[in-house]
Each structure stands twice: as C-alpha cells, then as structure tokens.
file structure-v9.txt (compact mmCIF, C-alpha atoms)
# COMPACT_ATOMS: atom_id res chain seq x y z
CA MET N 1 14.86 16.78 5.61
CA ARG N 2 15.40 20.15 3.92
CA SER N 3 19.15 20.06 4.58
CA SER N 4 19.32 16.51 3.21
CA ARG N 5 17.56 17.58 0.03
CA GLN N 6 19.97 20.48 -0.35
CA PHE N 7 22.91 18.11 0.05
CA TRP N 8 21.64 15.94 -2.83
CA SER N 9 20.62 18.84 -5.05
CA PRO N 10 23.87 19.10 -7.15
CA TRP N 11 23.87 16.93 -10.25
CA TRP N 12 27.10 15.20 -9.29
CA ALA N 13 25.69 14.26 -5.87
CA GLN N 14 22.74 12.53 -7.52
CA ILE N 15 25.08 10.50 -9.74
CA ILE N 16 27.14 9.53 -6.68
CA ALA N 17 23.90 8.50 -4.96
CA GLY N 18 23.15 6.14 -7.84
CA LEU N 19 26.62 4.61 -7.53
CA PHE N 20 26.15 4.19 -3.78
CA ILE N 21 22.72 2.54 -4.22
CA VAL N 22 24.20 -0.15 -6.46
CA MET N 23 27.17 -0.76 -4.19
CA LEU N 24 24.82 -1.06 -1.22
CA ALA N 25 22.63 -3.55 -3.08
CA VAL N 26 25.62 -5.66 -4.14
CA GLY N 27 27.28 -5.26 -0.73
CA PRO N 28 27.04 -8.91 0.45
CA TRP N 29 28.53 -10.17 -2.82
CA LEU N 30 31.18 -7.44 -2.75
CA TRP N 31 32.22 -8.53 0.75
CA LEU N 32 32.38 -12.14 -0.42
CA TRP N 33 34.48 -11.14 -3.42
CA LEU N 34 36.91 -9.20 -1.24
CA GLY N 35 37.43 -12.31 0.85
CA GLN N 36 37.76 -14.88 -1.95
CA ARG N 37 37.99 -13.16 -5.35
CA GLU N 38 37.19 -16.46 -7.04
CA GLN N 39 34.06 -15.23 -8.81
CA ALA N 40 32.56 -11.98 -10.06
CA MET N 41 30.88 -9.52 -7.72
CA LEU N 42 27.70 -9.61 -9.80
CA PRO N 43 25.87 -12.96 -9.57
CA THR N 44 24.54 -14.50 -12.77
CA SER N 45 21.52 -16.60 -13.66
CA LYS N 46 23.78 -19.64 -13.89
CA ASN N 47 25.35 -19.64 -10.43
CA ASP N 48 23.01 -17.45 -8.33
CA ALA N 49 19.78 -16.42 -10.04
CA ALA N 50 18.18 -15.57 -6.69
CA GLY N 51 21.04 -13.19 -5.90
CA LEU N 52 20.66 -11.51 -9.28
CA ILE N 53 16.97 -10.87 -8.62
CA ILE N 54 17.65 -9.62 -5.09
CA ILE N 55 20.22 -7.09 -6.28
CA PHE N 56 18.02 -5.57 -8.96
CA ALA N 57 14.98 -5.55 -6.66
CA ILE N 58 16.95 -3.63 -4.01
CA ILE N 59 18.21 -1.19 -6.66
CA ALA N 60 14.67 -0.50 -7.88
CA LEU N 61 13.31 -0.12 -4.34
CA LEU N 62 16.12 2.01 -2.91
CA GLY N 63 16.55 4.11 -6.04
CA GLY N 64 12.84 4.73 -6.46
CA TRP N 65 12.30 5.79 -2.87
CA PHE N 66 15.45 7.91 -2.81
CA THR N 67 14.23 9.82 -5.85
CA ARG N 68 10.71 10.02 -4.48
CA VAL N 69 11.74 11.43 -1.10
CA MET N 70 14.91 13.42 -1.79
CA GLY N 71 14.10 14.43 -5.34
CA ARG N 72 10.38 15.02 -4.78
CA ARG N 73 9.58 12.80 -7.77
CA SER N 74 11.60 15.07 -10.07
CA THR N 75 12.26 13.59 -13.51
CA SER N 76 15.72 15.17 -13.79
CA PHE N 77 16.63 13.89 -10.32
CA ALA N 78 15.50 10.38 -11.31
CA ILE N 79 17.52 10.45 -14.54
CA LEU N 80 20.72 11.70 -12.92
CA THR N 81 20.47 9.14 -10.12
CA ASP N 82 19.85 6.45 -12.72
CA ILE N 83 23.01 7.52 -14.57
CA GLY N 84 24.96 6.67 -11.43
CA VAL N 85 23.15 3.33 -11.23
CA LEU N 86 24.00 2.57 -14.86
CA LEU N 87 27.66 3.50 -14.41
CA ALA N 88 27.98 1.17 -11.42
CA LEU N 89 26.21 -1.65 -13.25
CA VAL N 90 28.43 -1.23 -16.30
CA GLY N 91 31.46 -1.59 -14.05
CA LEU N 92 30.07 -4.73 -12.43
CA VAL N 93 29.18 -6.31 -15.77
CA PHE N 94 32.61 -5.49 -17.17
CA GLN N 95 34.25 -7.06 -14.11
CA TRP N 96 32.13 -10.20 -14.58
CA ILE N 97 32.94 -10.47 -18.30
CA TRP N 98 36.64 -9.82 -17.72
CA GLY N 99 36.88 -12.57 -15.13
CA ASP N 100 34.38 -15.20 -16.25
CA ALA N 101 33.64 -14.61 -19.94
CA PRO N 102 36.65 -12.96 -21.64
CA GLU N 103 35.73 -14.67 -24.92
CA ILE N 104 33.10 -11.96 -25.43
CA PHE N 105 35.89 -9.53 -26.32
CA GLN N 106 36.80 -11.88 -29.17
CA GLY N 107 33.23 -11.99 -30.44
CA LYS N 108 32.59 -15.51 -29.17
CA VAL N 109 29.32 -15.99 -27.28
CA SER N 110 28.31 -19.53 -26.35
CA ASP N 111 24.68 -20.54 -25.84
CA PRO N 112 24.94 -20.70 -22.00
CA LEU N 113 26.60 -17.29 -21.94
CA GLN N 114 23.95 -15.89 -24.27
CA ALA N 115 21.26 -17.16 -21.89
CA GLN N 116 22.99 -15.42 -18.97
CA LEU N 117 23.17 -12.16 -20.91
CA TRP N 118 19.49 -12.40 -21.83
CA ALA N 119 18.54 -13.04 -18.19
CA LEU N 120 20.68 -10.10 -17.06
CA GLY N 121 19.10 -7.84 -19.67
CA VAL N 122 15.53 -8.82 -18.78
CA VAL N 123 16.08 -8.37 -15.05
CA PHE N 124 17.76 -5.01 -15.70
CA VAL N 125 14.88 -3.72 -17.85
CA ILE N 126 12.27 -4.79 -15.28
CA SER N 127 14.31 -3.12 -12.54
CA GLN N 128 14.52 0.11 -14.51
CA VAL N 129 10.78 0.17 -15.13
CA LEU N 130 10.04 -0.44 -11.46
CA TYR N 131 12.56 2.22 -10.45
CA PHE N 132 10.86 4.97 -12.45
CA LEU N 133 7.36 3.82 -11.51
CA ILE N 134 8.19 3.90 -7.79
CA ALA N 135 9.80 7.30 -8.22
CA LYS N 136 6.94 8.90 -10.15
CA LEU N 137 3.55 7.26 -9.45
CA ARG N 138 1.17 8.03 -6.60
CA LEU N 139 1.51 6.15 -3.34
CA SER N 140 -1.50 3.86 -3.77
CA ILE N 141 0.06 2.31 -6.90
CA VAL N 142 3.59 2.35 -5.52
CA ALA N 143 2.42 0.33 -2.51
CA LEU N 144 1.53 -2.56 -4.85
CA LEU N 145 4.96 -2.40 -6.50
CA VAL N 146 6.63 -2.37 -3.10
CA ALA N 147 4.62 -5.46 -2.14
CA ALA N 148 6.11 -7.26 -5.12
CA LEU N 149 9.68 -6.42 -4.06
CA VAL N 150 9.78 -6.59 -0.27
CA PHE N 151 10.42 -10.35 -0.05
CA ASN N 152 13.84 -9.65 -1.56
CA VAL N 153 14.52 -7.14 1.22
CA GLY N 154 14.24 -9.82 3.87
CA GLN N 155 16.60 -12.11 1.96
CA TRP N 156 19.08 -9.26 1.48
CA LEU N 157 19.01 -8.47 5.21
CA GLN N 158 19.70 -12.10 6.03
CA MET N 159 22.65 -12.13 3.64
CA VAL N 160 24.07 -9.04 5.34
CA ALA N 161 23.49 -10.65 8.75
CA THR N 162 25.64 -13.64 7.81
CA TYR N 163 28.66 -11.36 8.18
CA THR N 164 27.64 -10.21 11.68
CA PRO N 165 27.59 -12.08 15.02
CA LEU N 166 23.79 -12.01 15.35
CA GLU N 167 21.85 -14.56 17.34
CA PRO N 168 20.02 -17.22 15.26
CA GLU N 169 16.64 -15.92 16.48
CA ILE N 170 17.40 -12.41 15.25
CA TYR N 171 18.78 -13.73 11.98
CA SER N 172 15.65 -15.75 11.23
CA SER N 173 13.38 -12.81 12.04
CA LEU N 174 15.12 -10.57 9.49
CA ILE N 175 13.16 -12.30 6.70
CA TYR N 176 10.17 -10.24 7.89
CA GLY N 177 11.99 -6.96 7.30
CA GLY N 178 10.26 -6.64 3.95
CA ALA N 179 6.84 -7.11 5.56
CA LEU N 180 7.70 -4.31 7.99
CA ILE N 181 8.62 -1.98 5.13
CA LEU N 182 5.36 -2.76 3.34
CA GLY N 183 3.54 -1.99 6.58
CA LEU N 184 5.20 1.42 6.73
CA VAL N 185 4.14 2.21 3.17
CA LEU N 186 0.56 1.10 3.76
CA GLY N 187 0.53 3.03 7.03
CA PHE N 188 1.43 6.28 5.28
CA LEU N 189 -1.21 5.50 2.67
CA GLY N 190 -3.87 5.16 5.36
CA PHE N 191 -7.17 3.32 5.50
CA LEU N 192 -9.81 6.06 5.56
CA GLN N 193 -10.68 5.64 1.89
CA ILE N 194 -12.28 2.54 0.41
CA TRP N 195 -9.72 2.42 -2.41
CA HIS N 196 -6.91 2.44 0.11
CA LEU N 197 -8.41 -0.54 1.93
CA VAL N 198 -8.60 -2.36 -1.41
CA VAL N 199 -4.91 -1.57 -1.93
CA TRP N 200 -4.14 -3.03 1.49
CA VAL N 201 -5.84 -6.31 0.56
CA ILE N 202 -4.19 -6.53 -2.88
CA ALA N 203 -0.77 -5.69 -1.41
CA LEU N 204 -1.09 -8.48 1.16
CA ALA N 205 -2.07 -10.91 -1.60
CA ILE N 206 0.93 -9.87 -3.71
CA GLN N 207 3.23 -10.24 -0.71
CA TRP N 208 1.86 -13.76 -0.21
CA VAL N 209 2.40 -15.04 -3.77
CA MET N 210 5.69 -13.32 -4.62
CA PRO N 211 8.00 -15.77 -2.78
CA ALA N 212 6.49 -18.61 -4.83
CA VAL N 213 6.78 -16.61 -8.05
CA ILE N 214 10.41 -15.72 -7.38
CA SER N 215 11.23 -19.32 -6.46
CA ALA N 216 9.75 -20.53 -9.76
CA VAL N 217 11.63 -17.89 -11.76
CA VAL N 218 14.92 -18.79 -10.06
CA THR N 219 14.42 -22.48 -10.83
CA LEU N 220 13.72 -21.74 -14.51
CA LEU N 221 16.71 -19.41 -14.82
CA GLU N 222 19.11 -21.93 -13.32
CA ASN N 223 17.54 -24.91 -15.12
CA PRO N 224 16.02 -23.63 -18.40
CA VAL N 225 13.37 -25.81 -20.00
CA GLY N 226 13.81 -24.68 -23.60
CA SER N 227 10.61 -23.67 -25.35
CA VAL N 228 8.46 -20.75 -24.23
CA GLY N 229 5.40 -22.95 -23.82
CA GLY N 230 7.30 -25.47 -21.75
CA SER N 231 8.75 -22.72 -19.58
CA LEU N 232 5.32 -21.21 -18.91
CA ALA N 233 3.86 -24.60 -18.04
CA LYS N 234 6.78 -25.35 -15.73
CA PHE N 235 6.47 -21.89 -14.17
CA GLY N 236 2.79 -22.46 -13.39
CA GLU N 237 3.51 -25.87 -11.89
CA LEU N 238 6.38 -24.62 -9.74
CA SER N 239 4.44 -21.56 -8.55
CA GLN N 240 1.42 -23.61 -7.59
CA ASP N 241 3.53 -26.05 -5.60
CA ALA N 242 5.47 -23.27 -3.83
CA ILE N 243 2.39 -21.21 -2.85
CA GLY N 244 1.13 -24.01 -0.63
CA GLN N 245 4.42 -23.97 1.27
CA THR N 246 4.67 -20.17 1.64
CA ASP N 247 4.49 -18.67 5.11
CA TRP N 248 1.80 -16.02 4.67
CA LEU N 249 0.39 -15.60 8.18
CA ILE N 250 3.32 -14.00 10.03
CA PRO N 251 4.32 -11.59 7.20
CA SER N 252 0.68 -10.50 6.89
CA LEU N 253 0.37 -9.94 10.64
CA VAL N 254 3.61 -7.95 10.71
CA THR N 255 2.49 -5.80 7.79
CA LEU N 256 -0.98 -5.16 9.25
CA ALA N 257 0.35 -4.38 12.73
CA VAL N 258 2.89 -1.85 11.44
CA ALA N 259 0.39 -0.34 8.98
CA MET N 260 -2.28 0.15 11.65
CA LEU N 261 0.24 1.59 14.12
CA VAL N 262 1.59 4.10 11.59
CA SER N 263 -1.86 5.05 10.30
CA VAL N 264 -3.33 5.64 13.76
CA THR N 265 -0.25 7.58 14.87
CA LEU N 266 -0.46 9.85 11.82
CA LEU N 267 -4.18 10.43 12.43
CA ILE N 268 -3.53 11.45 16.04
CA VAL N 269 -0.69 13.78 15.01
CA ARG N 270 -2.77 15.44 12.31
CA LYS N 271 -5.72 16.01 14.65
CA ALA N 272 -3.38 17.45 17.28
CA LYS N 273 -1.93 19.87 14.70
CA ARG N 274 -5.41 21.00 13.65
CA ARG N 275 -6.38 21.76 17.23
CA THR N 276 -3.26 23.81 17.81

call {"tool": "encode", "arguments": {"input": "structure-v9.txt", "output": "structure tokens"}}
result
Amino acid sequence: MRSSRQFWSPWWAQIIAGLFIVMLAVGPWLWLWLGQREQAMLPTSKNDAAGLIIIFAIIALLGGWFTRVMGRRSTSFAILTDIGVLLALVGLVFQWIWGDAPEIFQGKVSDPLQAQLWALGVVFVISQVLYFLIAKLRLSIVALLVAALVFNVGQWLQMVATYTPLEPEIYSSLIYGGALILGLVLGFLGFLQIWHLVVWVIALAIQWVMPAVISAVVTLLENPVGSVGGSLAKFGELSQDAIGQTDWLIPSLVTLAVAMLVSVTLLIVRKAKRRT
C-alpha cells in the first residue's frame, strides 16, 4: 500500500488517475463507439439516461474511494484527481457536441438540446458533490452515500460482461456486485457501536429504494413532463410503483453476509494482534 501511495504522489500522476477513472467508467460505451462510431461515447438524457447516471455514479464512487485510500483524504489530492476527471469529461462532451450537436458552435441551442445540457449539468454537479463527500467524510456517513450508488455498479458490471463470453448465470449474478461492495464498506465500519448498527439499517433501506428512484429519474429524463409540480408528482407515482417490484431480499442478504464476514474477520485479526 505504501509503494502504491508513493506511485500516485506526484501531481501529474493524480491527474492521470482522474483521466483513467473517467475512461474506466465510460469503458462500455467507449468499446461500443470503437465498434460502430455512430453515436457519441458519452450517453445523453435523450438516448440513454440510465447510462448517463451510471457513468457519473461510477466516477463519484471510484474517484472518492481512490482519493480516500491513496490520498488519505487529502484535499490537494482530491482536487488534482478531479482536474483529471474534468479534463476527460470536457473531452467527452466536446466529442458529443462535435458529432451530435454542432449547431452549438453557431450559437443555436434548441429546446431538446437545452434539456440535455441541463440534465448533464445536474448529474455532473451531483457527481462532484458525492465525489468530495466520499473522499473527505468519515466512514459511517460515506457508507450511506455508497448505498445510494452501488446499484449502478451492478448495472455497469453487467454492461462490461456483455463483451465477454460469460455464462448467463454469472451474468445475471453480477447485478449483486454493488450489494457486495456495500457489504465490504459496512464490514469495515463494524457493528460494535449502536450508531453503526443504525447505519447498517439505513444503508440497507437506501439500497432497497434506490433502484426505484433511479428508474423514475430515468423515465422523467427521457420523457419530460414539463412543469416542476407535474414532474414531482410523476416521480412519486413512478417511484411508488417501482418499489413494489424491486428485488430487495437477495441484495440485502448479500450485503449482510459480506458485512458480517468482514466484521468478524477484522475482530479476530485485531484480537490476535493484541495478544501478540
């Protein structure tokens, strides 16, 4: 771990890390673009709102944890890594505008294009906030933020798996990759304190409702209602309908099993170190 931190200690290495994080997050779409080149690498709210959310969720999660672990929650490390993220995103947005919306360079912005830009901006801002919060806050709060993002991890893993010769059973099980990651985070948090147990319960609840929330947001982005009040009402209706159809049991069991295994293992290791 020490040698890895030394490798990422130069400022230029941190910027390169930010570039790599974005390219990893957009990897499935990049591979698709290399094969077809009929659309931009960066999905938009019009043609793939779910993909747009997945990319920025992965960026926030990967970037935040990279800064937290390798940069030891350093503010300068977080900023330099984020510069690399911003540079990569600027390149992706420019490539999208150049291919799909060149009229922007002439100062012409249609209403549908304006809606796509607004959606991109909102998702970007939320991703940036989550990135810095994951990088800087204590683990008990970060666990709740991770719970809100891990559903996107499973979807991203399945997208990557579409380009590999995996068996259908393995492919379908990848959707629980996010639940496994949440279990690891909760396991390192532990359960010996009452507050930590409360965090476990809240994190499981967030993990349960987030697929329905994301589904409702995707529907609204791809089929906008119009007014703010109408959008909120539609969002509530869509979320309520989707929650009843959400698979909560298996993700919760996966998370709890991994969390308990990690927590108990860490307890045993710590007691063994104290005795020696």

call {"tool": "closest_residue", "arguments": {"input": "structure-v9.txt", "among": "N:Phe151, N:Tyr131, N:Trp208, N:Trp98", "to": "N:Ala78", "atoms": "all atoms listed in the file"}}
result
N:Tyr131

call {"tool": "atom_distance", "arguments": {"input": "structure-v9.txt", "atom1": "atom CA of N:Arg68", "atom2": "atom CA of N:Lys136"}}
result
6.9 Å

call {"tool": "closest_atom_pairs", "arguments": {"input": "structure-v9.txt", "of": "stretch 104-180 of chain N", "to": "stretch 243-252 of chain N", "cutoff": "12 Å", "atoms": "all atoms listed in the file", "output": "JSON lines"}}
result
{"residue": "N:Ala147", "atom": "CA", "partner": "N:Ser252", "partner_atom": "CA", "distance": 11.1}
{"residue": "N:Val150", "atom": "CA", "partner": "N:Pro251", "partner_atom": "CA", "distance": 10.5}
{"residue": "N:Phe151", "atom": "CA", "partner": "N:Pro251", "partner_atom": "CA", "distance": 9.6}
{"residue": "N:Gly154", "atom": "CA", "partner": "N:Pro251", "partner_atom": "CA", "distance": 10.6}
{"residue": "N:Ser173", "atom": "CA", "partner": "N:Ile250", "partner_atom": "CA", "distance": 10.3}
{"residue": "N:Leu174", "atom": "CA", "partner": "N:Pro251", "partner_atom": "CA", "distance": 11.1}
{"residue": "N:Ile175", "atom": "CA", "partner": "N:Pro251", "partner_atom": "CA", "distance": 8.9}
{"residue": "N:Tyr176", "atom": "CA", "partner": "N:Pro251", "partner_atom": "CA", "distance": 6.0}
{"residue": "N:Gly177", "atom": "CA", "partner": "N:Pro251", "partner_atom": "CA", "distance": 9.0}
{"residue": "N:Gly178", "atom": "CA", "partner": "N:Pro251", "partner_atom": "CA", "distance": 8.4}
{"residue": "N:Ala179", "atom": "CA", "partner": "N:Pro251", "partner_atom": "CA", "distance": 5.4}
{"residue": "N:Leu180", "atom": "CA", "partner": "N:Pro251", "partner_atom": "CA", "distance": 8.1}

call {"tool": "closest_atom_pairs", "arguments": {"input": "structure-v9.txt", "of": "stretch 86-158 of chain N", "to": "stretch 182-206 of chain N", "cutoff": "8 Å", "atoms": "all atoms listed in the file", "output": "tab-separated table"}}
result
residue	atom	partner	partner_atom	distance
N:Leu139	CA	N:Leu189	CA	6.6
N:Ser140	CA	N:Leu189	CA	6.7
N:Ala143	CA	N:Val185	CA	6.2
N:Leu144	CA	N:Ala203	CA	5.2
N:Val146	CA	N:Leu182	CA	6.6
N:Ala147	CA	N:Ala203	CA	5.4
N:Ala148	CA	N:Ile206	CA	6.0
N:Val150	CA	N:Leu182	CA	6.9

call {"tool": "closest_atom_pairs", "arguments": {"input": "structure-v9.txt", "of": "stretch 68-115 of chain N", "to": "stretch 9-12 of chain N", "cutoff": "12 Å", "atoms": "only C-alpha atoms", "output": "Markdown table"}}
result
| residue | atom | partner | partner_atom | distance |
| --- | --- | --- | --- | --- |
| N:Met70 | CA | N:Ser9 | CA | 8.5 |
| N:Gly71 | CA | N:Ser9 | CA | 7.9 |
| N:Arg72 | CA | N:Ser9 | CA | 10.9 |
| N:Ser74 | CA | N:Ser9 | CA | 11.0 |
| N:Ser76 | CA | N:Trp11 | CA | 9.1 |
| N:Phe77 | CA | N:Trp11 | CA | 7.9 |
| N:Ala78 | CA | N:Trp11 | CA | 10.7 |
| N:Ile79 | CA | N:Trp11 | CA | 10.0 |
| N:Leu80 | CA | N:Trp11 | CA | 6.7 |
| N:Thr81 | CA | N:Trp11 | CA | 8.5 |
| N:Asp82 | CA | N:Trp11 | CA | 11.5 |
| N:Ile83 | CA | N:Trp12 | CA | 10.2 |
| N:Gly84 | CA | N:Trp12 | CA | 9.1 |

call {"tool": "write_last_selection", "arguments": {"input": "structure-v9.txt", "atoms": "C-alpha atoms", "output": "compact mmCIF listing (two decimals), in the frame of the given file"}}
result
# COMPACT_ATOMS: atom_id res chain seq x y z
CA MET N 70 14.91 13.42 -1.79
CA GLY N 71 14.10 14.43 -5.34
CA ARG N 72 10.38 15.02 -4.78
CA SER N 74 11.60 15.07 -10.07
CA SER N 76 15.72 15.17 -13.79
CA PHE N 77 16.63 13.89 -10.32
CA ALA N 78 15.50 10.38 -11.31
CA ILE N 79 17.52 10.45 -14.54
CA LEU N 80 20.72 11.70 -12.92
CA THR N 81 20.47 9.14 -10.12
CA ASP N 82 19.85 6.45 -12.72
CA ILE N 83 23.01 7.52 -14.57
CA GLY N 84 24.96 6.67 -11.43

call {"tool": "atom_distance", "arguments": {"input": "structure-v9.txt", "atom1": "atom CA of N:Met159", "atom2": "atom CA of N:Thr219"}}
result
19.6 Å

call {"tool": "atom_distance", "arguments": {"input": "structure-v9.txt", "atom1": "atom CA of N:Ala50", "atom2": "atom CA of N:Val218"}}
result
5.7 Å

call {"tool": "residues_around", "arguments": {"input": "structure-v9.txt", "residues": "N:Ile53", "least_positions_apart": "3", "cutoff": "12 Å", "atoms": "all atoms listed in the file", "output": "MDAnalysis selection string"}}
result
chainID N and resid 25:26 42:45 48:50 56:60 119:127 148:153 155:156 211 213:215 217:218 221

call {"tool": "axis_aligned_box", "arguments": {"input": "structure-v9.txt", "around": "stretch 131-147 of chain N", "padding_each_side": "5 Å", "output": "AutoDock Vina command-line options"}}
result
--center_x 5.5 --center_y 1.7 --center_z -7.3 --size_x 24.1 --size_y 24.4 --size_z 20.3

call {"tool": "residues_around", "arguments": {"input": "structure-v9.txt", "residues": "N:Leu89", "least_positions_apart": "4", "cutoff": "9 Å", "atoms": "all atoms listed in the file", "output": "MDAnalysis selection string"}}
result
chainID N and resid 19 22 42 84:85 93:94

call {"tool": "closest_residue", "arguments": {"input": "structure-v9.txt", "among": "N:Val264, N:Leu92, N:Leu137, N:Val258", "to": "N:Trp33", "atoms": "all atoms listed in the file"}}
result
N:Leu92

call {"tool": "closest_atom_pairs", "arguments": {"input": "structure-v9.txt", "of": "stretch 139-230 of chain N", "to": "stretch 102-113 of chain N", "cutoff": "12 Å", "atoms": "all atoms listed in the file", "output": "JSON lines"}}
result
{"residue": "N:Leu221", "atom": "CA", "partner": "N:Pro112", "partner_atom": "CA", "distance": 11.0}
{"residue": "N:Glu222", "atom": "CA", "partner": "N:Pro112", "partner_atom": "CA", "distance": 10.5}
{"residue": "N:Asn223", "atom": "CA", "partner": "N:Pro112", "partner_atom": "CA", "distance": 10.9}
{"residue": "N:Pro224", "atom": "CA", "partner": "N:Pro112", "partner_atom": "CA", "distance": 10.1}
{"residue": "N:Gly226", "atom": "CA", "partner": "N:Asp111", "partner_atom": "CA", "distance": 11.8}

call {"tool": "write_last_selection", "arguments": {"input": "structure-v9.txt", "atoms": "C-alpha atoms", "output": "PDB file, keeping the file's coordinate frame"}}
result
ATOM      1  CA  LEU N 221      16.710 -19.410 -14.820  1.00  0.00           C
ATOM      2  CA  GLU N 222      19.110 -21.930 -13.320  1.00  0.00           C
ATOM      3  CA  ASN N 223      17.540 -24.910 -15.120  1.00  0.00           C
ATOM      4  CA  PRO N 224      16.020 -23.630 -18.400  1.00  0.00           C
ATOM      5  CA  GLY N 226      13.810 -24.680 -23.600  1.00  0.00           C
TER       6      GLY N 226
END
